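A.B. asks: Next comes the structure file coords_17.cif, holding mmCIF, C-alpha atoms.
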```
data_start
loop_
_atom_site.label_atom_id
_atom_site.label_comp_id
_atom_site.auth_asym_id
_atom_site.auth_seq_id
_atom_site.Cartn_x
_atom_site.Cartn_y
_atom_site.Cartn_z
CA MET A 1146 0.00 0.00 0.00
CA GLN A 1147 2.51 2.58 -1.12
CA LEU A 1148 2.69 4.26 -4.50
CA CYS A 1149 -0.36 2.43 -5.79
CA CYS A 1150 -2.38 3.78 -2.88
CA ILE A 1151 -1.35 7.33 -3.63
CA LEU A 1152 -2.23 7.02 -7.29
CA SER A 1153 -5.58 5.42 -6.52
CA LEU A 1154 -6.49 8.57 -4.63
CA GLY A 1155 -5.48 10.64 -7.62
CA ILE A 1156 -3.08 12.70 -5.53
CA ALA A 1157 0.30 13.51 -6.99
CA SER A 1158 3.03 12.11 -4.75
CA SER A 1159 5.00 15.30 -5.34
CA HIS A 1160 2.61 16.99 -2.91
CA ALA A 1161 4.00 14.84 -0.15
CA GLU A 1162 7.48 15.83 -1.20
CA ASP A 1163 6.67 19.43 -0.34
CA ALA A 1164 7.65 18.17 3.10
CA SER A 1165 11.20 17.83 1.83
CA ILE A 1166 13.74 16.84 4.44
CA ASP A 1167 16.10 19.38 2.88
CA LYS A 1168 14.25 22.19 4.65
CA LEU A 1169 14.60 20.50 7.99
CA LEU A 1170 18.18 19.40 7.45
CA SER A 1171 18.99 23.00 6.59
CA LYS A 1172 18.09 23.83 10.20
CA LEU A 1173 21.04 21.86 11.52
CA PRO A 1174 23.26 23.98 13.73
CA PRO A 1175 25.87 25.74 11.59
CA PRO A 1176 29.44 24.71 12.38
CA GLU A 1177 30.27 27.90 14.23
CA LYS A 1178 27.39 27.23 16.65
CA ILE A 1179 28.79 23.82 17.54
CA ILE A 1180 32.24 25.21 18.38
CA GLN A 1181 31.22 28.77 19.25
CA PRO A 1182 34.15 30.21 21.24
CA SER A 1183 32.09 32.29 23.64
CA ALA A 1184 33.63 34.21 26.51
CA ARG A 1185 31.85 31.92 28.97
CA LYS A 1186 33.40 28.83 27.37
CA ALA A 1187 36.79 30.52 27.26
CA VAL A 1188 36.98 30.92 31.03
CA GLU A 1189 36.06 27.27 31.53
CA GLN A 1190 39.62 26.52 30.41
CA SER A 1191 42.39 26.35 33.00
CA ASP A 1192 44.58 29.44 33.21
CA PRO A 1193 45.96 31.44 36.17
CA ALA A 1194 44.85 34.70 34.53
CA PHE A 1195 41.21 33.68 34.99
CA LYS A 1196 41.50 34.23 38.73
CA ASP A 1197 41.79 37.96 38.10
CA GLY A 1198 38.75 40.10 38.95
CA LEU A 1199 38.86 41.56 35.43
CA VAL A 1200 37.49 38.27 34.11
CA THR A 1201 34.27 38.65 36.10
CA GLU A 1202 33.89 42.19 34.79
CA ILE A 1203 34.38 40.95 31.23
CA LEU A 1204 31.73 38.26 31.59
CA VAL A 1205 29.24 40.72 33.10
CA ALA A 1206 29.86 43.17 30.26
CA VAL A 1207 29.32 40.42 27.67
CA ARG A 1208 26.13 39.27 29.40
CA LEU A 1209 24.85 42.85 29.29
CA GLN A 1210 25.98 43.08 25.65
CA ASN A 1211 28.24 45.99 26.49
CA PHE A 1212 30.80 44.74 24.00
CA GLN A 1213 32.74 47.98 23.86
CA LEU A 1214 33.50 47.66 27.57
CA ALA A 1215 34.18 43.92 27.27
CA MET A 1216 36.67 44.45 24.45
CA GLY A 1217 38.49 47.16 26.40
CA LEU A 1218 38.69 44.98 29.50
CA SER A 1219 39.91 41.97 27.52
CA ARG A 1220 42.73 44.03 26.03
CA LYS A 1221 43.60 45.18 29.54
CA LEU A 1222 43.73 41.55 30.71
CA THR A 1223 46.19 40.56 27.94
CA GLU A 1224 48.40 43.55 28.78
CA LYS A 1225 48.41 42.45 32.41
CA TYR A 1226 49.19 38.80 31.49
CA PRO A 1227 51.18 38.94 28.23
CA GLY A 1228 52.29 35.31 28.53
CA SER A 1229 48.79 33.91 29.17
CA ALA A 1230 47.26 31.81 26.39
CA GLY A 1231 43.97 31.91 28.27
CA ALA A 1232 43.88 35.71 28.37
CA GLN A 1233 44.55 35.85 24.62
CA ALA A 1234 41.87 33.24 23.92
CA LEU A 1235 39.38 35.16 26.06
CA ARG A 1236 40.19 38.29 24.07
CA GLY A 1237 39.56 36.32 20.89
CA ALA A 1238 36.23 35.06 22.25
CA VAL A 1239 35.09 38.54 23.30
CA PHE A 1240 35.89 39.98 19.90
CA TYR A 1241 34.22 36.99 18.23
CA ASP A 1242 31.07 37.64 20.27
CA SER A 1243 31.31 41.26 19.13
CA GLY A 1244 31.56 40.33 15.44
CA GLN A 1245 35.09 41.73 15.22
CA TYR A 1246 36.56 38.73 13.41
CA LYS A 1247 39.95 40.15 12.47
CA GLU A 1248 40.87 40.91 16.07
CA ALA A 1249 39.23 37.70 17.25
CA SER A 1250 41.52 35.76 14.94
CA ALA A 1251 44.51 37.70 16.26
CA GLY A 1252 43.61 36.77 19.84
CA PHE A 1253 43.19 33.07 19.09
CA ARG A 1254 46.37 33.00 17.03
CA ALA A 1255 48.32 34.64 19.85
CA ALA A 1256 46.97 31.96 22.19
CA THR A 1257 48.25 29.16 19.94
CA ASN A 1258 51.63 30.86 19.64
CA ILE A 1259 51.92 30.85 23.44
CA ASN A 1260 50.51 27.35 23.80
CA PRO A 1261 50.55 25.27 20.58
CA LYS A 1262 48.32 22.65 22.25
CA TYR A 1263 45.48 25.06 23.13
CA THR A 1264 42.59 23.29 21.36
CA PHE A 1265 40.02 25.93 22.38
CA ALA A 1266 41.97 28.53 20.39
CA TYR A 1267 42.10 26.29 17.29
CA PHE A 1268 38.33 25.82 17.56
CA GLY A 1269 38.09 29.60 17.80
CA LEU A 1270 40.12 30.10 14.63
CA ALA A 1271 37.94 27.56 12.82
CA ALA A 1272 34.78 29.32 14.03
CA VAL A 1273 36.05 32.68 12.80
CA GLU A 1274 36.56 31.27 9.31
CA ALA A 1275 33.36 29.20 9.18
CA THR A 1276 31.25 32.14 10.37
CA GLN A 1277 32.49 34.11 7.38
CA GLY A 1278 31.86 31.24 4.97
CA GLN A 1279 35.57 30.49 4.61
CA TYR A 1280 35.10 26.75 4.99
CA ALA A 1281 38.36 25.69 3.36
CA ALA A 1282 40.30 27.98 5.68
CA ALA A 1283 38.58 26.44 8.73
CA ILE A 1284 39.60 22.87 7.93
CA PRO A 1285 43.33 23.02 8.88
CA TYR A 1286 42.47 24.35 12.34
CA LEU A 1287 40.00 21.51 12.89
CA GLN A 1288 42.55 18.97 11.74
CA GLN A 1289 44.96 20.46 14.28
CA VAL A 1290 42.30 19.94 16.97
CA LEU A 1291 42.08 16.27 16.03
CA LYS A 1292 45.84 15.87 16.24
CA LEU A 1293 45.60 17.07 19.82
CA GLN A 1294 42.24 15.45 20.67
CA PRO A 1295 41.53 12.52 18.30
CA ASN A 1296 38.15 11.88 19.95
CA ALA A 1297 36.79 15.43 19.55
CA ALA A 1298 33.42 14.59 17.98
CA ALA A 1299 32.53 18.26 17.51
CA ALA A 1300 35.51 18.68 15.20
CA TYR A 1301 34.22 15.88 12.98
CA TYR A 1302 30.78 17.50 12.83
CA VAL A 1303 32.25 20.81 11.72
CA LEU A 1304 34.65 19.15 9.26
CA SER A 1305 31.70 17.31 7.74
CA ASP A 1306 29.74 20.55 7.42
CA CYS A 1307 32.70 22.41 5.90
CA ALA A 1308 33.33 19.62 3.39
CA PHE A 1309 29.62 19.59 2.54
CA HIS A 1310 29.65 23.31 1.73
CA LEU A 1311 32.76 22.82 -0.39
CA GLY A 1312 31.06 20.09 -2.44
CA ARG A 1313 33.31 17.36 -1.07
CA LYS A 1314 30.46 14.94 -0.53
CA GLY A 1315 32.47 11.79 0.16
CA GLU A 1316 34.66 13.56 2.71
CA SER A 1317 31.60 15.04 4.37
CA ALA A 1318 30.09 11.59 4.83
CA ASP A 1319 33.36 10.11 6.10
CA TYR A 1320 33.76 12.84 8.72
CA ALA A 1321 30.12 12.47 9.80
CA ARG A 1322 30.48 8.69 10.18
CA LYS A 1323 33.47 9.22 12.47
CA GLY A 1324 31.45 11.75 14.41
CA THR A 1325 28.54 9.36 14.96
CA ALA A 1326 30.97 6.65 16.09
CA LEU A 1327 32.36 9.03 18.73
CA ALA A 1328 29.02 10.57 19.75
CA PRO A 1329 26.34 7.94 19.00
CA SER A 1330 23.77 9.62 21.26
CA ASP A 1331 23.98 13.00 19.49
CA GLY A 1332 20.94 13.39 17.24
CA TYR A 1333 22.42 16.32 15.33
CA MET A 1334 25.47 14.22 14.47
CA TRP A 1335 23.20 11.61 12.89
CA LEU A 1336 21.31 14.29 10.96
CA GLN A 1337 24.60 15.65 9.65
CA LEU A 1338 25.39 12.14 8.42
CA ALA A 1339 21.92 11.97 6.85
CA ARG A 1340 22.55 15.20 4.96
CA ALA A 1341 25.89 13.92 3.70
CA GLU A 1342 24.44 10.57 2.65
CA LYS A 1343 21.55 12.30 0.90
CA SER A 1344 23.97 14.45 -1.10
CA LEU A 1345 25.56 11.21 -2.32
CA GLY A 1346 22.18 9.79 -3.33
CA HIS A 1347 22.31 7.02 -0.71
CA SER A 1348 18.60 6.73 0.10
CA ASP A 1349 18.80 3.79 2.50
CA ALA A 1350 21.80 5.19 4.37
CA THR A 1351 20.04 8.56 4.63
CA LEU A 1352 16.93 6.98 6.10
CA ASN A 1353 18.95 4.85 8.51
CA ALA A 1354 20.77 7.92 9.80
CA ILE A 1355 17.52 9.84 10.22
CA ALA A 1356 15.92 6.90 12.02
CA LYS A 1357 18.91 6.80 14.37
CA ALA A 1358 18.60 10.54 15.02
CA ALA A 1359 14.95 10.09 15.98
CA GLN A 1360 15.78 7.06 18.14
CA VAL A 1361 18.34 8.94 20.23
CA SER A 1362 16.10 12.04 20.40
CA PRO A 1363 12.64 10.59 21.19
CA ASN A 1364 11.30 13.93 22.42
CA SER A 1365 12.52 15.98 19.47
CA GLY A 1366 9.60 16.89 17.24
CA MET A 1367 11.98 18.03 14.53
CA MET A 1368 13.83 14.70 14.43
CA LEU A 1369 10.56 12.76 14.27
CA ALA A 1370 9.23 15.06 11.56
CA VAL A 1371 12.35 14.52 9.45
CA LEU A 1372 11.91 10.77 9.79
CA GLY A 1373 8.23 10.90 8.86
CA PHE A 1374 8.83 13.15 5.87
CA SER A 1375 11.62 10.86 4.70
CA TYR A 1376 9.25 7.91 4.68
CA ILE A 1377 6.76 9.98 2.68
CA ASN A 1378 9.36 10.88 0.08
CA LEU A 1379 10.17 7.18 -0.29
CA ASN A 1380 6.44 6.40 -0.64
CA ARG A 1381 6.55 4.30 2.54
CA ILE A 1382 3.42 5.96 3.85
CA PRO A 1383 2.35 3.55 6.62
CA GLN A 1384 5.79 3.82 8.23
CA ALA A 1385 5.55 7.61 8.21
CA ILE A 1386 2.48 7.68 10.44
CA PRO A 1387 3.92 6.69 13.88
CA PRO A 1388 6.74 9.28 13.93
CA LEU A 1389 4.45 11.96 12.50
CA LYS A 1390 1.81 11.26 15.15
CA ARG A 1391 4.40 11.79 17.86
CA ALA A 1392 5.75 14.86 16.06
CA ALA A 1393 2.22 16.27 15.84
CA GLN A 1394 1.92 16.01 19.63
CA LEU A 1395 5.26 17.72 20.15
CA LEU A 1396 4.73 20.34 17.42
CA PRO A 1397 1.00 21.13 17.55
CA HIS A 1398 1.48 24.44 15.73
CA ASN A 1399 3.56 23.10 12.85
CA TYR A 1400 1.32 23.20 9.79
CA LEU A 1401 3.52 20.89 7.74
CA VAL A 1402 3.52 18.13 10.34
CA GLN A 1403 -0.26 18.33 10.80
CA SER A 1404 -0.89 18.50 7.04
CA GLN A 1405 1.41 15.64 6.09
CA LEU A 1406 0.10 13.41 8.87
CA GLY A 1407 -3.38 14.05 7.50
CA TYR A 1408 -2.13 13.20 4.00
CA CYS A 1409 -0.70 9.90 5.23
CA LEU A 1410 -3.86 8.92 7.11
CA LEU A 1411 -5.91 9.72 4.03
CA THR A 1412 -3.62 7.57 1.91
CA VAL A 1413 -4.06 4.51 4.14
CA GLY A 1414 -7.83 4.96 4.34
CA GLN A 1415 -8.21 6.57 7.78
CA THR A 1416 -10.33 9.34 6.33
CA ASP A 1417 -12.03 10.72 9.43
CA ALA A 1418 -8.77 11.03 11.33
CA ALA A 1419 -7.19 12.58 8.25
CA ILE A 1420 -9.83 15.31 8.07
CA GLY A 1421 -9.03 16.43 11.60
CA TYR A 1422 -5.31 16.83 10.93
CA LEU A 1423 -5.89 18.41 7.52
CA ARG A 1424 -8.23 20.98 9.03
CA ALA A 1425 -5.60 21.72 11.66
CA GLY A 1426 -2.96 22.16 8.98
CA SER A 1427 -5.14 24.46 6.88
CA GLY A 1428 -5.92 26.53 9.96
CA LEU A 1429 -2.23 26.94 10.75
CA ASN A 1430 -1.30 27.93 7.19
CA SER A 1431 -4.17 28.77 4.87
CA GLU A 1432 -1.70 29.47 2.04
CA TYR A 1433 -0.40 25.91 1.83
CA GLY A 1434 -2.13 24.56 -1.28
CA PRO A 1435 -1.66 20.78 -0.88
CA VAL A 1436 -3.49 20.68 2.44
CA TRP A 1437 -6.64 22.08 0.78
CA GLU A 1438 -6.44 19.51 -2.02
CA HIS A 1439 -6.03 16.62 0.40
CA LEU A 1440 -8.81 17.98 2.60
CA GLY A 1441 -11.06 18.23 -0.44
CA VAL A 1442 -10.35 14.63 -1.39
CA ALA A 1443 -11.02 13.46 2.16
CA LEU A 1444 -14.33 15.32 2.27
CA GLN A 1445 -15.31 13.83 -1.11
CA LYS A 1446 -14.68 10.34 0.24
CA ARG A 1447 -17.14 11.11 3.03
CA GLY A 1448 -19.74 12.46 0.59
CA ARG A 1449 -19.37 16.01 1.92
CA ASN A 1450 -19.12 17.45 -1.55
CA ARG A 1451 -20.15 21.03 -0.82
CA GLU A 1452 -17.38 21.32 1.74
CA ALA A 1453 -15.08 19.60 -0.73
CA VAL A 1454 -15.85 22.26 -3.33
CA ASP A 1455 -14.79 25.02 -0.94
CA ALA A 1456 -11.51 23.25 -0.11
CA LEU A 1457 -10.71 22.37 -3.72
CA GLU A 1458 -11.48 25.86 -4.96
CA LYS A 1459 -8.89 27.15 -2.50
CA ALA A 1460 -6.48 24.46 -3.72
CA THR A 1461 -6.84 25.49 -7.37
CA ARG A 1462 -6.49 29.15 -6.45
CA LEU A 1463 -3.23 28.44 -4.62
CA MET A 1464 -2.02 25.81 -7.11
CA PRO A 1465 -3.50 26.82 -10.47
CA THR A 1466 -1.31 24.35 -12.38
CA SER A 1467 -2.26 21.29 -10.31
CA ARG A 1468 -4.02 18.88 -12.65
CA TYR A 1469 -5.23 16.73 -9.76
CA ALA A 1470 -6.77 19.63 -7.87
CA TRP A 1471 -8.79 20.63 -10.95
CA LYS A 1472 -9.79 16.99 -11.57
CA HIS A 1473 -11.12 16.58 -8.04
CA LEU A 1474 -12.83 19.95 -8.18
CA ALA A 1475 -14.61 18.87 -11.38
CA GLU A 1476 -15.87 15.75 -9.56
CA ALA A 1477 -17.04 17.80 -6.58
CA TYR A 1478 -18.84 20.27 -8.85
CA GLN A 1479 -20.57 17.39 -10.64
CA ALA A 1480 -21.65 15.84 -7.35
CA THR A 1481 -23.25 19.12 -6.28
CA GLY A 1482 -25.11 19.61 -9.56
CA ARG A 1483 -22.85 22.32 -11.00
CA SER A 1484 -22.43 20.70 -14.40
CA GLY A 1485 -21.14 23.79 -16.19
CA ASP A 1486 -18.47 24.42 -13.59
CA ALA A 1487 -17.61 20.72 -13.65
CA GLN A 1488 -17.03 20.83 -17.42
CA ARG A 1489 -14.80 23.87 -17.16
CA ALA A 1490 -12.76 22.37 -14.31
CA ALA A 1491 -12.42 19.07 -16.19
CA ALA A 1492 -11.28 20.93 -19.30
CA ARG A 1493 -8.67 22.75 -17.24
CA ALA A 1494 -7.43 19.45 -15.79
CA GLN A 1495 -7.24 17.94 -19.28
CA GLN A 1496 -5.39 21.00 -20.57
CA LEU A 1497 -2.84 20.74 -17.77
CA GLY A 1498 -2.45 17.03 -18.41
CA GLY A 1499 -1.62 17.75 -22.04
CA ALA A 1500 0.81 20.46 -21.05
CA VAL A 1501 2.62 18.07 -18.74
CA THR A 1502 2.88 15.51 -21.51
CA LYS A 1503 4.37 18.01 -23.94
CA VAL A 1504 6.93 19.18 -21.39
CA SER A 1505 7.89 15.58 -20.62
CA LYS A 1506 8.42 14.80 -24.29
CA LYS A 1507 10.49 17.91 -24.74
CA LYS A 1508 12.73 16.99 -21.79
CA ALA A 1509 13.06 13.42 -23.04
#
```
Go through the file and emit its structure as structure tokens.

C.D. replies:
Amino acid sequence: MQLCCILSLGIASSHAEDASIDKLLSKLPPPEKIIQPSARKAVEQSDPAFKDGLVTEILVAVRLQNFQLAMGLSRKLTEKYPGSAGAQALRGAVFYDSGQYKEASAGFRAATNINPKYTFAYFGLAAVEATQGQYAAAIPYLQQVLKLQPNAAAAYYVLSDCAFHLGRKGESADYARKGTALAPSDGYMWLQLARAEKSLGHSDATLNAIAKAAQVSPNSGMMLAVLGFSYINLNRIPQAIPPLKRAAQLLPHNYLVQSQLGYCLLTVGQTDAAIGYLRAGSGLNSEYGPVWEHLGVALQKRGRNREAVDALEKATRLMPTSRYAWKHLAEAYQATGRSGDAQRAAARAQQLGGAVTKVSKKKA
């Protein structure tokens, strides 16, 4: 009951693919967020300079977003402790927080010159480059981190992300696999692997990684939604329902989750339940065309053709080139005695069907 079920309903499977996992995978934390060298993290390192009262003043200034004061104090700290790698790294972190990347880089670099094994500073240098989209420049610093800390899973995550942005798909997947081996309970690590596998066209490996992300993050609506949408895109509709039901509980205001769960329930014949979720989805985003089409189909199956007309009219208004929406609207018009409107809608559906055929032949 997969693709054949979808086609028997007369609903284009591409509507389900509007719930593309790409949109959700794009919400993965950017590399600089994973290794963000904040002032707070800087002082978690061990350094005698951090016992100075200036450090507390710096942290307070950063918390109050008084970056001008924080930068001045951090410079003062490095002048007071010129041989302190920690003081230099804290200066780098403060300037990073302030968006002053050139001076941030100078602070982190000074820290590594004082202490070549200061991994926090190498992470800082990588973050400075990645934040500015200089992914290739970030990689050597991350590789230096791994020389010092071979089990630094965060470095593998960021390396995978940098390689992904550089189009090095195989490298991205390799780094992500190493990351998941080191941090198997990190859902974001598994999603990073899923993104890398998807870029390589490895459908099964992508799904396995997404399933693992959802397994280790059972209370993450986003993870469950990604898993459900992935099953939809593979036309494995029954398997999409359990994770989407849980996601719908966790994300009650997410129109896409509600709408696609309704679509899946409709596909497997649970029409009444489908109507409830489809109505919820349409209420959350009245501009999302597929939800109106699916709602119209569900209402037709229950003989509620006047309501179906309203839903399908909205669908054709939002998706004027959807052959299936016009086809179902023609059927709903006919069922309500509006023969003239039915003929016009059917003609429009036929016209769109012909147009699709011509385009397909041209592409072939």

A.B. asks: Neighbours of A:Trp1437 within 8 Å (all atoms listed in the file; same-chain residues fewer than 2 positions away dropped), as a PyMOL selection string?

C.D. replies: chain A and resi 1423+1427+1433-1435+1439-1441+1456-1457+1459-1460

A.B. asks: With only C-alpha atoms counted, which protein, DNA or RNA residues have an atom no more than 9 Å from (-18.4, 21.9, -14.5) in the file frame? Please answer as a PyMOL selection string.

C.D. replies: chain A and resi 1474-1476+1478-1479+1482-1492

A.B. asks: Check which residues satisfy the PyMOL selection byres ((chain A and resi 1187) around 10) in the file shown, then give them as a list in words.

C.D. replies: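 This file, filtered by the PyMOL selection byres ((chain A and resi 1187) around 10), leaves Gln1181, Pro1182, Ser1183, Ala1184, Arg1185, Lys1186, Val1188, Glu1189, Gln1190, Ser1191, Asp1192, Phe1195, Gly1231, Ala1232, Gln1233, Ala1234, Leu1235, Arg1236, Gly1237, Ala1238, Val1239, Phe1265, Ala1266 and Gly1269 of chain A.
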
A.B. asks: Counting all atoms listed in the file, which residues sit no farther than 7 Å from the position (39.1, 32.4, 13.1) in the file's frame? I'd like them as a ChimeraX atom specification.

C.D. replies: /A:1246,1249-1250,1269-1274

A.B. asks: Evaluating the PyMOL selection byres ((chain A and resi 1215) around 12) on the displayed file yields which residues, as a PyMOL selection string?

C.D. replies: chain A and resi 1184+1199-1214+1216-1222+1235-1243

A.B. asks: Could you tell me which residues the PyMOL selection byres ((chain A and resi 1338-1353) around 7) grabs in this file, written as a list of chain:residue names?

C.D. replies: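 That expression, the PyMOL selection byres ((chain A and resi 1338-1353) around 7), corresponds here to A:Leu1170, A:Phe1309, A:Lys1314, A:Ser1317, A:Ala1318, A:Ala1321, A:Arg1322, A:Met1334, A:Trp1335, A:Leu1336, A:Gln1337, A:Ala1354, A:Ile1355, A:Ala1356, A:Lys1357, A:Ser1375.
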
A.B. asks: Pick out the closest residue to A:Leu1311 from this set: A:Tyr1333, A:Phe1253, A:Trp1471, A:Tyr1280. Count all atoms listed in the file.

C.D. replies: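 The closest residue to A:Leu1311 is A:Tyr1280.
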
A.B. asks: Which residue, A:Ser1365, A:Asn1378, A:Asn1260, A:Gln1279, has the smallest gap to A:His1310 when you use all atoms listed in the file?

C.D. replies: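 Of A:Ser1365, A:Asn1378, A:Asn1260, A:Gln1279, the one nearest A:His1310 is A:Gln1279, counting all atoms listed in the file.
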
A.B. asks: Identify which of the residues A:Gln1495, A:Asn1296, A:Thr1276, A:Asn1364 lies closest to A:Gln1245, counting only C-alpha atoms when measuring atom-to-atom distances.

C.D. replies: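 So, comparing all the options, the nearest one is A:Thr1276.
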
A.B. asks: Please reconstruct the missing atoms of stretch 1452-1479 of chain A (target: N, CA and C atoms) and return them as a compact mmCIF listing (two decimals), in the coordinates of the input.

C.D. replies:
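Result file is part10.txt:
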```txt
# COMPACT_ATOMS: atom_id res chain seq x y z
N GLU A 1452 -18.60 20.92 1.03
CA GLU A 1452 -17.38 21.32 1.74
C GLU A 1452 -16.15 21.05 0.89
N ALA A 1453 -16.22 19.95 0.14
CA ALA A 1453 -15.08 19.60 -0.73
C ALA A 1453 -14.87 20.66 -1.79
N VAL A 1454 -15.97 21.20 -2.33
CA VAL A 1454 -15.85 22.26 -3.33
C VAL A 1454 -15.09 23.45 -2.76
N ASP A 1455 -15.46 23.87 -1.56
CA ASP A 1455 -14.79 25.02 -0.94
C ASP A 1455 -13.29 24.76 -0.80
N ALA A 1456 -12.93 23.58 -0.32
CA ALA A 1456 -11.51 23.25 -0.11
C ALA A 1456 -10.76 23.18 -1.44
N LEU A 1457 -11.39 22.55 -2.43
CA LEU A 1457 -10.71 22.37 -3.72
C LEU A 1457 -10.63 23.67 -4.51
N GLU A 1458 -11.59 24.55 -4.33
CA GLU A 1458 -11.48 25.86 -4.96
C GLU A 1458 -10.27 26.63 -4.40
N LYS A 1459 -10.07 26.50 -3.10
CA LYS A 1459 -8.89 27.15 -2.50
C LYS A 1459 -7.62 26.50 -3.03
N ALA A 1460 -7.66 25.16 -3.21
CA ALA A 1460 -6.48 24.46 -3.72
C ALA A 1460 -6.12 24.93 -5.12
N THR A 1461 -7.13 25.07 -5.98
CA THR A 1461 -6.84 25.49 -7.37
C THR A 1461 -6.42 26.96 -7.42
N ARG A 1462 -6.90 27.74 -6.48
CA ARG A 1462 -6.49 29.15 -6.45
C ARG A 1462 -5.02 29.25 -6.03
N LEU A 1463 -4.62 28.41 -5.09
CA LEU A 1463 -3.23 28.44 -4.62
C LEU A 1463 -2.29 27.65 -5.53
N MET A 1464 -2.84 26.64 -6.20
CA MET A 1464 -2.02 25.81 -7.11
C MET A 1464 -2.72 25.71 -8.47
N PRO A 1465 -2.73 26.79 -9.22
CA PRO A 1465 -3.50 26.82 -10.47
C PRO A 1465 -3.00 25.85 -11.54
N THR A 1466 -1.82 25.30 -11.38
CA THR A 1466 -1.31 24.35 -12.38
C THR A 1466 -1.39 22.90 -11.89
N SER A 1467 -2.11 22.66 -10.81
CA SER A 1467 -2.26 21.29 -10.31
C SER A 1467 -3.39 20.57 -11.05
N ARG A 1468 -3.02 19.64 -11.89
CA ARG A 1468 -4.02 18.88 -12.65
C ARG A 1468 -4.97 18.13 -11.71
N TYR A 1469 -4.41 17.55 -10.66
CA TYR A 1469 -5.23 16.73 -9.76
C TYR A 1469 -6.23 17.58 -8.99
N ALA A 1470 -5.83 18.77 -8.59
CA ALA A 1470 -6.77 19.63 -7.87
C ALA A 1470 -7.96 19.98 -8.75
N TRP A 1471 -7.69 20.31 -10.02
CA TRP A 1471 -8.79 20.63 -10.95
C TRP A 1471 -9.65 19.40 -11.22
N LYS A 1472 -9.04 18.23 -11.32
CA LYS A 1472 -9.79 16.99 -11.57
C LYS A 1472 -10.76 16.71 -10.42
N HIS A 1473 -10.25 16.83 -9.19
CA HIS A 1473 -11.12 16.58 -8.04
C HIS A 1473 -12.18 17.67 -7.90
N LEU A 1474 -11.84 18.88 -8.24
CA LEU A 1474 -12.83 19.95 -8.18
C LEU A 1474 -13.94 19.69 -9.19
N ALA A 1475 -13.60 19.21 -10.37
CA ALA A 1475 -14.61 18.87 -11.38
C ALA A 1475 -15.57 17.81 -10.83
N GLU A 1476 -15.03 16.81 -10.14
CA GLU A 1476 -15.87 15.75 -9.56
C GLU A 1476 -16.78 16.31 -8.47
N ALA A 1477 -16.23 17.21 -7.66
CA ALA A 1477 -17.04 17.80 -6.58
C ALA A 1477 -18.14 18.69 -7.15
N TYR A 1478 -17.82 19.46 -8.19
CA TYR A 1478 -18.84 20.27 -8.85
C TYR A 1478 -19.96 19.37 -9.39
N GLN A 1479 -19.58 18.29 -10.04
CA GLN A 1479 -20.57 17.39 -10.64
C GLN A 1479 -21.48 16.81 -9.56
```
